[in-house]
Amino acid sequence: MKRAIKKAAVLGSGIMGSRIACHLANIGVEVLLLDIVPEELTDAEKVKGLDENSPLFRNRIVNDSFNSAIKSKPAPLYHTNFANRISTGNFSDNMKDIKDADWIIEVVVENLDIKKKVFDEVEKHRAPGTLITSNTSGIPINLMLDGRSEDFQKHFLGTHFFNPPRYLNLLEIIPTEKTDPDITGFFMQYGDLFLGKTTVLCKDTPAFIANRVGIYAILKVLDTMQKLDLDVDQIDKLTGPVIGHPKSATFRTTDIVGLDTLIKVTDNLYAALENDESRDTFRLPEIIKKLEEKNWLGDKTGQGFYKKTKEKGKTKILTLDLKTLGYKPRQKVKFATLETTKAIDNLKERMKVLMAGKDVAGEFYRDSNYGLFKYVSFRIPEIADELYKIDDAVKAGFGWEIGPFEIWDAVGVQKTVAEMEKAGYKPNQWVYDMLEAGNESFYMVEEGVRKYYDIPSKTYKSIPGKEQFIILDDLRKNNAIWNNSGSTIFNLGDGVLGLEFHTKMNTLGGEVIEGLHKALDMAEKEYKGLVIGNQGAQFSAGANLGLVFMYAIEQEYDELDFMIRHFQNTMMRVRYSSVPVVVAPHGLTLGGGCEMTMHADRVQAAAETYIGLVEVGVGVIPAGGGTKELTKRISDSFEEGDIVLNMLQNSFMNIATAKVATSAHEAFDMHLLRRGDGISVNRLRQITDAKKAVIEMYDTGYVKPVESKSIKVQGKTGLALFYTGINGMQMGKYISEHDVKIAKKIAWVMCGGDLSYPQEVSEQYLLDLEREAFLSLCGERKTLERIQAILQGGKPLRN
């Protein structure tokens with residue numbers, strides 16, 4: 001049966017329900033969001049004259065939850081307009097409306113009796129064949145089948161989203177014995193292709209996969225912390241980005257999620273895991289119980305492992321001393337082992353050094369990871385039959401860059417097993433069997449295909465579904481055909497080249513520019529086209545500011561002029577190459593990264609692309625074609641009756657305020673993406689989607705575009721209006737004197753200089769104005785101060 005989900009009903013509007021509804025709306029689904037009717041009128045409702053039949057009263061809970069969700073940060077919607085795809089109601093009046101839904105998802109409180117009552121009502125109104133799922137995070141899925149019809153059971157399974165659903169990429173699919181295999185297969189594909197999730201098939205075991213392993217990992221960190229007498233600041237330094245985990249690390253994450261949540265999940269696991277060999281690790285330490293008694297549960301109660309205070313109008317963050325239970329200023333943490341890894345960008349290589357450390361940091365990594373390695377080895381086949389499912393679930397659910405088995409591979413399985421035995425963490429027998437059979441790793445890459453070690457057959461097998469993804473790391477050995485220190489060119493197959501850059505934060509320096517020209521040379525000679533993209537954490541933080549600062553501080557303006565001119569020419573070559581060029585941005589796509597994106601024939605953006613021209617923050621203007629390109633796009637979009645200056649002003653303000661789109665959808669509003677550009681909801685599919693776009697353009701007869709010489713600019717007429725507005729902002733003390741200088745430079749370029757009347761100019765004309773403005777600002781002391789602030793502290797300076 002061919003299925004499509006056009007309308008969904010979400011039952012329960014709490015934090016998870018409202019945000020699941022928002023993510024369904026993100027992908028174009030019409031959503032009905034329902035919750036209970038309030039028990040009684042509030043005083044405010046009585047004053048308004050509402051009674052118990054008033055819709056405003058009856059839908060108060062669901063509407064309050066929904067409004068809270070759409071105002072929350074980070075935003076659950078890709079675009080504020082998508083809220084219009086969601087309608088609200090209540091269980092009493094609107095349960096009948098679920099008859100029109102293609103998918104009904106239950107997201108009520110974690111209480112089996114309440115869930116069963118909801119399902120009783122669902123049975124009365126649900127159309128036969130409608131998909132029905134539960135978002136439970138801990139209740140066994142099979143227990144929900146009691147009393148349900150055969151059709152319900154056949155179409156029912158667990159769909160466990162992680163919070164926040166828009167941002168965390170995991171969707172666990174948990175079928176029961178009664179679930180139709182076709183329904184399971186549908187959700188596995190739907191979660192990947194439409195919801196953009198890493199969709200992991202789970203067994204119906206306590207906490208499924210990600211929480212079972214992820215909670216163990218947190219508790220093992222607490223255990224090791226106590227053994228080695230480490231503190232909160234030290235642990236969060238050791239368990240954050242340095243090991244490929246989120247910046248919130250261990251204790252900040254706990255404060256955000258809520259200590260009560262950790263306690264509840266841990267207590268439930270301890271009660272359920274009677275036969276778990278590591279059950280004692282799930283016994284919460286005394287310090288956690290003390291914090292619970294004090295109601296120090298994290299952000300929701302105002303304090304937890306961290307506490308925010310105000311001092312002289314400034315926010316100060318204090319850290320909990322676990323021995324005294326008092327708060328103290330955060331300490332800067334240094335470990336010798338961490339210092340030695342600062343220059344190691346490759347996480348797997350870094351893990352080798354961290355685990356071999358001779359100081360207390362090295363001890364911490366060995367003890368906590370040895371425990372984790374042992375734990376995941378014993379979870380097979382209990383929670384998963386295939387080891388890659390554990391890695392996929394933990395990475396997508398907890399935001400780890402590499403999973404437990406991948407870490408183990410990186411540091412060496414054979415070597416580590418012997419050390420684990422000495423430390424009292426002997427792994428499961430199948431690990432020894434694997435090594436004895438001559439298999440030394442859990443994963444291998446063969447002819448560009450990543451394979452996992454299959455325990456029953458003792459052979460390596462391809463990971464199902466991954467053949468549709470292009471994973472650059474898997475192609476590195478056989479398909480990389482050129483590289484330098486900052487970029488690599490891949491043969492992506494089917495006549496398409498791929499250019500990856502891999503500098504720090506993927507900044508665009510000389511090595512990346514060299515790689516870009518080399519890739520275009522090769523593509524124009526013997527390939528169909530080029531994809532520019534990478535699979536790092538960010539697409540690009542922009543140009544190499546260090547080099548700009550060096551030239552500017554030494555007043556090497558000729559060198560600076562040459563560098564900017566070369567970058568401009570490179571962007572124009574991207575735009576006017578004889579082969580189609582598709583850029584695939586994701587994450588931070590700032591400054592020069594945004595300019596490169598804007599010069600592509602087509603963009604295949606990840607949904608989570610945060611893109612903008614942010615050069616004002618370092619005291620300059622976009623000079624790699626960004627200001628020119630926005631001016632051109634506004635000119636190209638003019639229609640009879642349009643108020644030209646209003647349209648131009650919006651783009652001017654986006655540059656002048658360094659505005660960044662918070663999703664690819666928002667980038668369309670800012671003219672950073674154009675009609676025809678694509679969006680990949682699942683980032684793992686992005687390079688594949690970009691490659692398809694190149695082939696499509698090639699197959700339909702790609703013709704090299706012609707450089708524009710008819711960009712409409714407003715000259716003095718526009719400048720006068722812009723300058724008036726800028727001066728007014730200064731008089732109102734909204735902007736500094738240096739901001740004024742920068743803003744006037746932006747206006748100068750976008751209006752084409754002080755031309756005496758509106759007229760048409762060429763792209764090169766605007767590029768020359770860009771470059772002149774950039775160079776003049778680099779001679780300003782306050783610009784150099786702004787650049788220095790970013791280079792030294794990573795934070796913008798407003799001077």
# chains A, B, ... in the order shown; residues from 1 in each chain; ligands from 1
>>> residues_around(residues="Tyr216 of chain A", least_positions_apart="5", cutoff="8 Å", atoms="only C-alpha atoms", output="number ranges by chain")
A: 211, 281-282, 372
>>> residues_around(residues="Val583 of chain A", least_positions_apart="4", cutoff="9 Å", atoms="only C-alpha atoms", output="list in words")
Leu530, Val531, Ile532, Gly533, Met596, Thr597, Met598, His599, Ala600, Asp601, Arg602, Val603, Gln604, Ala605 and Ala690 of chain A
>>> closest_residue(among="A:Lys116, A:Lys323, A:Lys451, A:Arg685", to="Lys197 of chain A", atoms="only C-alpha atoms")
A:Arg685
>>> closest_residue(among="A:Gly625, A:Ile564, A:Ile695, A:Ala9", to="Tyr551 of chain A", atoms="only C-alpha atoms")
A:Ile564
>>> atom_distance(atom1="atom CA of Ile263 of chain A", atom2="atom CA of Val213 of chain A")
15.4 Å
>>> residues_around(residues="Asp345 of chain A", least_positions_apart="2", cutoff="12 Å", atoms="only C-alpha atoms", output="list of chain:residue names")
A:Pro241, A:Val242, A:Ile243, A:Gly244, A:Thr340, A:Thr341, A:Lys342, A:Ala343, A:Leu347, A:Lys348, A:Glu349, A:Arg350, A:Met351, A:Val353, A:Gly486, A:His502, A:Thr503, A:Lys504, A:Met505, A:Asn506, A:Gly536, A:Ala537
>>> write_last_selection(atoms="N, CA, C and O atoms", output="PDB file, in the first residue's frame")
ATOM      1  N   PRO A 241      33.215  19.720  23.676  1.00  0.00           N
ATOM      2  CA  PRO A 241      33.666  19.647  22.273  1.00  0.00           C
ATOM      3  C   PRO A 241      34.987  18.927  22.070  1.00  0.00           C
ATOM      4  O   PRO A 241      35.225  18.383  20.992  1.00  0.00           O
ATOM      5  N   VAL A 242      35.848  18.893  23.099  1.00  0.00           N
ATOM      6  CA  VAL A 242      37.148  18.235  22.926  1.00  0.00           C
ATOM      7  C   VAL A 242      36.984  16.752  22.575  1.00  0.00           C
ATOM      8  O   VAL A 242      37.826  16.167  21.894  1.00  0.00           O
ATOM      9  N   ILE A 243      35.885  16.127  23.009  1.00  0.00           N
ATOM     10  CA  ILE A 243      35.638  14.715  22.659  1.00  0.00           C
ATOM     11  C   ILE A 243      34.469  14.576  21.680  1.00  0.00           C
ATOM     12  O   ILE A 243      33.902  13.486  21.527  1.00  0.00           O
ATOM     13  N   GLY A 244      34.100  15.692  21.035  1.00  0.00           N
ATOM     14  CA  GLY A 244      33.031  15.623  20.048  1.00  0.00           C
ATOM     15  C   GLY A 244      31.639  15.599  20.629  1.00  0.00           C
ATOM     16  O   GLY A 244      30.692  15.175  19.963  1.00  0.00           O
ATOM     17  N   THR A 340      47.926  19.236  24.645  1.00  0.00           N
ATOM     18  CA  THR A 340      48.653  18.558  23.550  1.00  0.00           C
ATOM     19  C   THR A 340      47.755  18.250  22.356  1.00  0.00           C
ATOM     20  O   THR A 340      48.251  17.926  21.276  1.00  0.00           O
ATOM     21  N   THR A 341      46.436  18.362  22.545  1.00  0.00           N
ATOM     22  CA  THR A 341      45.524  17.998  21.448  1.00  0.00           C
ATOM     23  C   THR A 341      44.956  19.212  20.720  1.00  0.00           C
ATOM     24  O   THR A 341      44.160  19.054  19.798  1.00  0.00           O
ATOM     25  N   LYS A 342      45.361  20.415  21.108  1.00  0.00           N
ATOM     26  CA  LYS A 342      44.769  21.616  20.519  1.00  0.00           C
ATOM     27  C   LYS A 342      44.960  21.694  19.006  1.00  0.00           C
ATOM     28  O   LYS A 342      44.126  22.242  18.289  1.00  0.00           O
ATOM     29  N   ALA A 343      46.063  21.174  18.525  1.00  0.00           N
ATOM     30  CA  ALA A 343      46.348  21.250  17.085  1.00  0.00           C
ATOM     31  C   ALA A 343      45.800  20.053  16.307  1.00  0.00           C
ATOM     32  O   ALA A 343      45.973  19.970  15.091  1.00  0.00           O
ATOM     33  N   LEU A 347      38.996  14.192  15.135  1.00  0.00           N
ATOM     34  CA  LEU A 347      38.532  13.728  16.447  1.00  0.00           C
ATOM     35  C   LEU A 347      39.046  12.337  16.788  1.00  0.00           C
ATOM     36  O   LEU A 347      39.429  12.062  17.928  1.00  0.00           O
ATOM     37  N   LYS A 348      39.074  11.438  15.806  1.00  0.00           N
ATOM     38  CA  LYS A 348      39.524  10.078  16.089  1.00  0.00           C
ATOM     39  C   LYS A 348      41.007  10.058  16.461  1.00  0.00           C
ATOM     40  O   LYS A 348      41.415   9.318  17.361  1.00  0.00           O
ATOM     41  N   GLU A 349      41.793  10.894  15.792  1.00  0.00           N
ATOM     42  CA  GLU A 349      43.206  11.004  16.158  1.00  0.00           C
ATOM     43  C   GLU A 349      43.359  11.638  17.538  1.00  0.00           C
ATOM     44  O   GLU A 349      44.218  11.254  18.331  1.00  0.00           O
ATOM     45  N   ARG A 350      42.495  12.601  17.829  1.00  0.00           N
ATOM     46  CA  ARG A 350      42.548  13.274  19.138  1.00  0.00           C
ATOM     47  C   ARG A 350      42.225  12.304  20.270  1.00  0.00           C
ATOM     48  O   ARG A 350      42.840  12.343  21.338  1.00  0.00           O
ATOM     49  N   MET A 351      41.252  11.411  20.021  1.00  0.00           N
ATOM     50  CA  MET A 351      40.868  10.455  21.061  1.00  0.00           C
ATOM     51  C   MET A 351      42.030   9.545  21.442  1.00  0.00           C
ATOM     52  O   MET A 351      42.177   9.174  22.616  1.00  0.00           O
ATOM     53  N   VAL A 353      45.158  10.352  21.588  1.00  0.00           N
ATOM     54  CA  VAL A 353      46.043  11.129  22.477  1.00  0.00           C
ATOM     55  C   VAL A 353      45.391  11.311  23.840  1.00  0.00           C
ATOM     56  O   VAL A 353      46.041  11.167  24.888  1.00  0.00           O
ATOM     57  N   GLY A 486      44.248  22.160   3.007  1.00  0.00           N
ATOM     58  CA  GLY A 486      42.945  22.687   3.419  1.00  0.00           C
ATOM     59  C   GLY A 486      41.763  22.196   2.619  1.00  0.00           C
ATOM     60  O   GLY A 486      40.619  22.532   2.933  1.00  0.00           O
ATOM     61  N   HIS A 502      38.576  21.602   4.676  1.00  0.00           N
ATOM     62  CA  HIS A 502      38.700  21.084   6.043  1.00  0.00           C
ATOM     63  C   HIS A 502      39.746  21.867   6.829  1.00  0.00           C
ATOM     64  O   HIS A 502      40.623  21.296   7.477  1.00  0.00           O
ATOM     65  N   THR A 503      39.636  23.181   6.785  1.00  0.00           N
ATOM     66  CA  THR A 503      40.462  24.048   7.622  1.00  0.00           C
ATOM     67  C   THR A 503      39.761  24.227   8.969  1.00  0.00           C
ATOM     68  O   THR A 503      38.648  23.725   9.163  1.00  0.00           O
ATOM     69  N   LYS A 504      40.365  24.951   9.879  1.00  0.00           N
ATOM     70  CA  LYS A 504      39.732  25.219  11.179  1.00  0.00           C
ATOM     71  C   LYS A 504      38.488  26.072  10.950  1.00  0.00           C
ATOM     72  O   LYS A 504      38.542  27.127  10.345  1.00  0.00           O
ATOM     73  N   MET A 505      37.350  25.598  11.415  1.00  0.00           N
ATOM     74  CA  MET A 505      36.045  26.225  11.195  1.00  0.00           C
ATOM     75  C   MET A 505      35.743  26.368   9.704  1.00  0.00           C
ATOM     76  O   MET A 505      34.879  27.137   9.298  1.00  0.00           O
ATOM     77  N   ASN A 506      36.491  25.624   8.881  1.00  0.00           N
ATOM     78  CA  ASN A 506      36.331  25.672   7.423  1.00  0.00           C
ATOM     79  C   ASN A 506      36.432  27.088   6.868  1.00  0.00           C
ATOM     80  O   ASN A 506      35.677  27.490   5.966  1.00  0.00           O
ATOM     81  N   GLY A 536      31.655  18.621   7.862  1.00  0.00           N
ATOM     82  CA  GLY A 536      32.111  19.080   9.172  1.00  0.00           C
ATOM     83  C   GLY A 536      30.953  19.656   9.964  1.00  0.00           C
ATOM     84  O   GLY A 536      29.811  19.691   9.495  1.00  0.00           O
ATOM     85  N   ALA A 537      31.248  20.146  11.163  1.00  0.00           N
ATOM     86  CA  ALA A 537      30.184  20.707  12.000  1.00  0.00           C
ATOM     87  C   ALA A 537      29.585  21.962  11.369  1.00  0.00           C
ATOM     88  O   ALA A 537      28.395  22.230  11.497  1.00  0.00           O
TER      89      ALA A 537
END
>>> residues_around(residues="Ala361 of chain A", least_positions_apart="6", cutoff="8 Å", atoms="only C-alpha atoms", output="PDB file with all heavy atoms, in the first residue's frame")
ATOM      1  N   LEU A 238      36.212  18.407  30.217  1.00  0.00           N
ATOM      2  CA  LEU A 238      36.658  17.116  29.687  1.00  0.00           C
ATOM      3  C   LEU A 238      35.617  16.442  28.802  1.00  0.00           C
ATOM      4  O   LEU A 238      35.970  15.597  27.970  1.00  0.00           O
ATOM      5  CB  LEU A 238      37.006  16.167  30.843  1.00  0.00           C
ATOM      6  CG  LEU A 238      38.250  16.518  31.669  1.00  0.00           C
ATOM      7  CD1 LEU A 238      38.286  15.682  32.945  1.00  0.00           C
ATOM      8  CD2 LEU A 238      39.515  16.314  30.849  1.00  0.00           C
ATOM      9  N   PHE A 335      44.378  21.057  31.486  1.00  0.00           N
ATOM     10  CA  PHE A 335      45.001  19.747  31.672  1.00  0.00           C
ATOM     11  C   PHE A 335      46.088  19.606  30.615  1.00  0.00           C
ATOM     12  O   PHE A 335      45.897  19.987  29.456  1.00  0.00           O
ATOM     13  CB  PHE A 335      43.985  18.611  31.487  1.00  0.00           C
ATOM     14  CG  PHE A 335      42.942  18.522  32.566  1.00  0.00           C
ATOM     15  CD1 PHE A 335      41.660  19.003  32.354  1.00  0.00           C
ATOM     16  CD2 PHE A 335      43.244  17.946  33.787  1.00  0.00           C
ATOM     17  CE1 PHE A 335      40.691  18.913  33.337  1.00  0.00           C
ATOM     18  CE2 PHE A 335      42.282  17.847  34.783  1.00  0.00           C
ATOM     19  CZ  PHE A 335      41.005  18.342  34.565  1.00  0.00           C
ATOM     20  N   THR A 337      47.129  17.035  29.049  1.00  0.00           N
ATOM     21  CA  THR A 337      46.702  16.200  27.922  1.00  0.00           C
ATOM     22  C   THR A 337      45.865  16.992  26.925  1.00  0.00           C
ATOM     23  O   THR A 337      46.024  16.864  25.708  1.00  0.00           O
ATOM     24  CB  THR A 337      45.900  14.976  28.425  1.00  0.00           C
ATOM     25  OG1 THR A 337      46.783  14.133  29.168  1.00  0.00           O
ATOM     26  CG2 THR A 337      45.319  14.179  27.271  1.00  0.00           C
ATOM     27  N   LEU A 338      44.966  17.842  27.434  1.00  0.00           N
ATOM     28  CA  LEU A 338      44.131  18.648  26.542  1.00  0.00           C
ATOM     29  C   LEU A 338      44.972  19.644  25.756  1.00  0.00           C
ATOM     30  O   LEU A 338      44.693  19.915  24.580  1.00  0.00           O
ATOM     31  CB  LEU A 338      43.046  19.377  27.337  1.00  0.00           C
ATOM     32  CG  LEU A 338      41.692  18.646  27.439  1.00  0.00           C
ATOM     33  CD1 LEU A 338      41.844  17.290  28.098  1.00  0.00           C
ATOM     34  CD2 LEU A 338      40.678  19.492  28.197  1.00  0.00           C
ATOM     35  N   LEU A 354      44.094  11.608  23.849  1.00  0.00           N
ATOM     36  CA  LEU A 354      43.389  11.816  25.121  1.00  0.00           C
ATOM     37  C   LEU A 354      43.410  10.554  25.976  1.00  0.00           C
ATOM     38  O   LEU A 354      43.664  10.613  27.187  1.00  0.00           O
ATOM     39  CB  LEU A 354      41.945  12.238  24.855  1.00  0.00           C
ATOM     40  CG  LEU A 354      41.741  13.607  24.193  1.00  0.00           C
ATOM     41  CD1 LEU A 354      40.265  13.826  23.856  1.00  0.00           C
ATOM     42  CD2 LEU A 354      42.246  14.738  25.089  1.00  0.00           C
TER      43      LEU A 354
END
>>> select_by_dssp(residues="segment 241-287 of chain A", states="alpha helix (DSSP H)", output="list in words")
Phe251, Arg252, Thr253, Thr254, Asp255, Ile256, Val257, Leu259, Asp260, Thr261, Leu262, Ile263, Lys264, Val265, Thr266, Asp267, Asn268, Leu269, Tyr270, Ala271, Ala272, Glu286 and Ile287 of chain A
>>> write_last_selection(atoms="C-alpha atoms", output="compact mmCIF listing (two decimals), in the first residue's frame")
# COMPACT_ATOMS: atom_id res chain seq x y z
CA PHE A 251 26.43 19.17 33.91
CA ARG A 252 25.19 22.05 31.76
CA THR A 253 23.16 19.51 29.76
CA THR A 254 21.72 18.13 32.99
CA ASP A 255 20.70 21.63 34.09
CA ILE A 256 18.99 22.26 30.74
CA VAL A 257 17.13 18.94 30.66
CA LEU A 259 17.89 16.94 37.16
CA ASP A 260 14.42 15.57 37.98
CA THR A 261 14.25 14.08 34.49
CA LEU A 262 17.62 12.36 34.93
CA ILE A 263 16.55 11.05 38.34
CA LYS A 264 13.24 9.69 37.03
CA VAL A 265 14.80 7.94 34.04
CA THR A 266 17.67 6.54 36.13
CA ASP A 267 15.38 5.25 38.89
CA ASN A 268 13.15 3.56 36.30
CA LEU A 269 16.17 1.93 34.67
CA TYR A 270 17.57 0.73 38.00
CA ALA A 271 14.22 -0.88 38.83
CA ALA A 272 13.87 -2.50 35.39
CA GLU A 286 24.31 10.82 47.17
CA ILE A 287 25.09 14.25 45.74
>>> residues_around(residues="Lys704 of chain A", least_positions_apart="6", cutoff="12 Å", atoms="only C-alpha atoms", output="list of chain:residue names")
A:Glu524, A:Gly529, A:Arg573, A:Val574, A:Arg575, A:Tyr576, A:Ser577, A:Ser578, A:Val579, A:Pro580, A:Val581, A:Ala600, A:Asp601, A:Met697, A:Tyr698
>>> select_by_dssp(residues="segment 663-745 of chain A", states="strand (DSSP E or B)", output="VMD selection string")
chain A and resid 678 to 680 711 to 713
>>> residues_around(residues="Gly412 of chain A", least_positions_apart="2", cutoff="12 Å", atoms="only C-alpha atoms", output="MDAnalysis selection string")
chainID A and resid 348:349 351:353 355:356 373 405:410 414:420 435 439:443
>>> write_last_selection(atoms="N, CA and C atoms", output="PDB file, in the first residue's frame")
ATOM      1  N   LYS A 348      39.074  11.438  15.806  1.00  0.00           N
ATOM      2  CA  LYS A 348      39.524  10.078  16.089  1.00  0.00           C
ATOM      3  C   LYS A 348      41.007  10.058  16.461  1.00  0.00           C
ATOM      4  N   GLU A 349      41.793  10.894  15.792  1.00  0.00           N
ATOM      5  CA  GLU A 349      43.206  11.004  16.158  1.00  0.00           C
ATOM      6  C   GLU A 349      43.359  11.638  17.538  1.00  0.00           C
ATOM      7  N   MET A 351      41.252  11.411  20.021  1.00  0.00           N
ATOM      8  CA  MET A 351      40.868  10.455  21.061  1.00  0.00           C
ATOM      9  C   MET A 351      42.030   9.545  21.442  1.00  0.00           C
ATOM     10  N   LYS A 352      42.864   9.195  20.483  1.00  0.00           N
ATOM     11  CA  LYS A 352      44.038   8.363  20.793  1.00  0.00           C
ATOM     12  C   LYS A 352      44.933   9.062  21.804  1.00  0.00           C
ATOM     13  N   VAL A 353      45.158  10.352  21.588  1.00  0.00           N
ATOM     14  CA  VAL A 353      46.043  11.129  22.477  1.00  0.00           C
ATOM     15  C   VAL A 353      45.391  11.311  23.840  1.00  0.00           C
ATOM     16  N   MET A 355      43.163   9.419  25.356  1.00  0.00           N
ATOM     17  CA  MET A 355      43.120   8.155  26.103  1.00  0.00           C
ATOM     18  C   MET A 355      44.505   7.719  26.578  1.00  0.00           C
ATOM     19  N   ALA A 356      45.541   8.241  25.936  1.00  0.00           N
ATOM     20  CA  ALA A 356      46.901   7.863  26.329  1.00  0.00           C
ATOM     21  C   ALA A 356      47.512   8.847  27.320  1.00  0.00           C
ATOM     22  N   PHE A 373      32.770   1.091  26.894  1.00  0.00           N
ATOM     23  CA  PHE A 373      33.044   0.031  25.914  1.00  0.00           C
ATOM     24  C   PHE A 373      32.499  -1.312  26.408  1.00  0.00           C
ATOM     25  N   PHE A 405      31.368   2.521  19.687  1.00  0.00           N
ATOM     26  CA  PHE A 405      32.173   1.560  18.928  1.00  0.00           C
ATOM     27  C   PHE A 405      33.160   2.267  18.002  1.00  0.00           C
ATOM     28  N   GLU A 406      32.788   3.445  17.521  1.00  0.00           N
ATOM     29  CA  GLU A 406      33.706   4.222  16.681  1.00  0.00           C
ATOM     30  C   GLU A 406      34.883   4.748  17.502  1.00  0.00           C
ATOM     31  N   ILE A 407      34.611   5.170  18.731  1.00  0.00           N
ATOM     32  CA  ILE A 407      35.699   5.597  19.625  1.00  0.00           C
ATOM     33  C   ILE A 407      36.636   4.422  19.896  1.00  0.00           C
ATOM     34  N   TRP A 408      36.041   3.284  20.178  1.00  0.00           N
ATOM     35  CA  TRP A 408      36.811   2.076  20.480  1.00  0.00           C
ATOM     36  C   TRP A 408      37.704   1.713  19.300  1.00  0.00           C
ATOM     37  N   ASP A 409      37.149   1.777  18.094  1.00  0.00           N
ATOM     38  CA  ASP A 409      37.947   1.549  16.882  1.00  0.00           C
ATOM     39  C   ASP A 409      39.113   2.535  16.800  1.00  0.00           C
ATOM     40  N   ALA A 410      38.821   3.804  17.093  1.00  0.00           N
ATOM     41  CA  ALA A 410      39.833   4.853  16.935  1.00  0.00           C
ATOM     42  C   ALA A 410      41.043   4.617  17.840  1.00  0.00           C
ATOM     43  N   GLN A 414      42.181  -4.157  19.815  1.00  0.00           N
ATOM     44  CA  GLN A 414      43.095  -5.170  20.353  1.00  0.00           C
ATOM     45  C   GLN A 414      43.859  -4.638  21.560  1.00  0.00           C
ATOM     46  N   LYS A 415      44.438  -3.469  21.400  1.00  0.00           N
ATOM     47  CA  LYS A 415      45.235  -2.864  22.467  1.00  0.00           C
ATOM     48  C   LYS A 415      44.374  -2.551  23.687  1.00  0.00           C
ATOM     49  N   THR A 416      43.182  -2.034  23.435  1.00  0.00           N
ATOM     50  CA  THR A 416      42.324  -1.567  24.524  1.00  0.00           C
ATOM     51  C   THR A 416      41.757  -2.711  25.349  1.00  0.00           C
ATOM     52  N   VAL A 417      41.451  -3.832  24.715  1.00  0.00           N
ATOM     53  CA  VAL A 417      40.857  -4.969  25.429  1.00  0.00           C
ATOM     54  C   VAL A 417      41.773  -5.432  26.559  1.00  0.00           C
ATOM     55  N   ALA A 418      43.054  -5.514  26.274  1.00  0.00           N
ATOM     56  CA  ALA A 418      44.002  -5.943  27.316  1.00  0.00           C
ATOM     57  C   ALA A 418      44.016  -4.950  28.479  1.00  0.00           C
ATOM     58  N   GLU A 419      43.997  -3.655  28.157  1.00  0.00           N
ATOM     59  CA  GLU A 419      44.007  -2.628  29.205  1.00  0.00           C
ATOM     60  C   GLU A 419      42.698  -2.633  29.986  1.00  0.00           C
ATOM     61  N   MET A 420      41.590  -2.906  29.293  1.00  0.00           N
ATOM     62  CA  MET A 420      40.292  -2.966  29.965  1.00  0.00           C
ATOM     63  C   MET A 420      40.258  -4.098  30.986  1.00  0.00           C
ATOM     64  N   LEU A 435      38.260 -10.683  17.508  1.00  0.00           N
ATOM     65  CA  LEU A 435      39.711 -10.486  17.389  1.00  0.00           C
ATOM     66  C   LEU A 435      40.416 -11.789  17.023  1.00  0.00           C
ATOM     67  N   ASN A 439      39.697 -10.204  12.870  1.00  0.00           N
ATOM     68  CA  ASN A 439      38.985  -8.950  12.591  1.00  0.00           C
ATOM     69  C   ASN A 439      39.321  -7.946  13.698  1.00  0.00           C
ATOM     70  N   GLU A 440      40.004  -6.871  13.347  1.00  0.00           N
ATOM     71  CA  GLU A 440      40.573  -5.984  14.365  1.00  0.00           C
ATOM     72  C   GLU A 440      39.771  -4.715  14.597  1.00  0.00           C
ATOM     73  N   SER A 441      38.643  -4.562  13.894  1.00  0.00           N
ATOM     74  CA  SER A 441      37.859  -3.335  14.073  1.00  0.00           C
ATOM     75  C   SER A 441      36.377  -3.636  13.919  1.00  0.00           C
ATOM     76  N   PHE A 442      35.557  -2.741  14.445  1.00  0.00           N
ATOM     77  CA  PHE A 442      34.107  -2.901  14.349  1.00  0.00           C
ATOM     78  C   PHE A 442      33.581  -2.422  13.000  1.00  0.00           C
ATOM     79  N   TYR A 443      34.343  -1.523  12.366  1.00  0.00           N
ATOM     80  CA  TYR A 443      33.950  -1.000  11.063  1.00  0.00           C
ATOM     81  C   TYR A 443      35.121  -1.114  10.094  1.00  0.00           C
TER      82      TYR A 443
END
>>> closest_residue(among="A:Thr205, A:Asn142, A:Gln555, A:Asn346", to="Leu157 of chain A", atoms="only C-alpha atoms")
A:Asn142
>>> residues_around(residues="segment 463-480 of chain A", least_positions_apart="5", cutoff="9 Å", atoms="only C-alpha atoms", output="JSON, numbers by chain")
{"A": [189, 388, 445, 446, 447, 448, 449, 450, 451, 452, 488, 489, 490, 491, 492, 493, 500, 534, 535, 684, 685, 686, 687, 688]}
>>> closest_residue(among="A:Asp494, A:Asp192, A:Asp385, A:Glu737", to="Tyr453 of chain A", atoms="only C-alpha atoms")
A:Asp385
>>> atom_distance(atom1="atom CA of Asn59 of chain A", atom2="atom CA of Asp299 of chain A")
28.0 Å
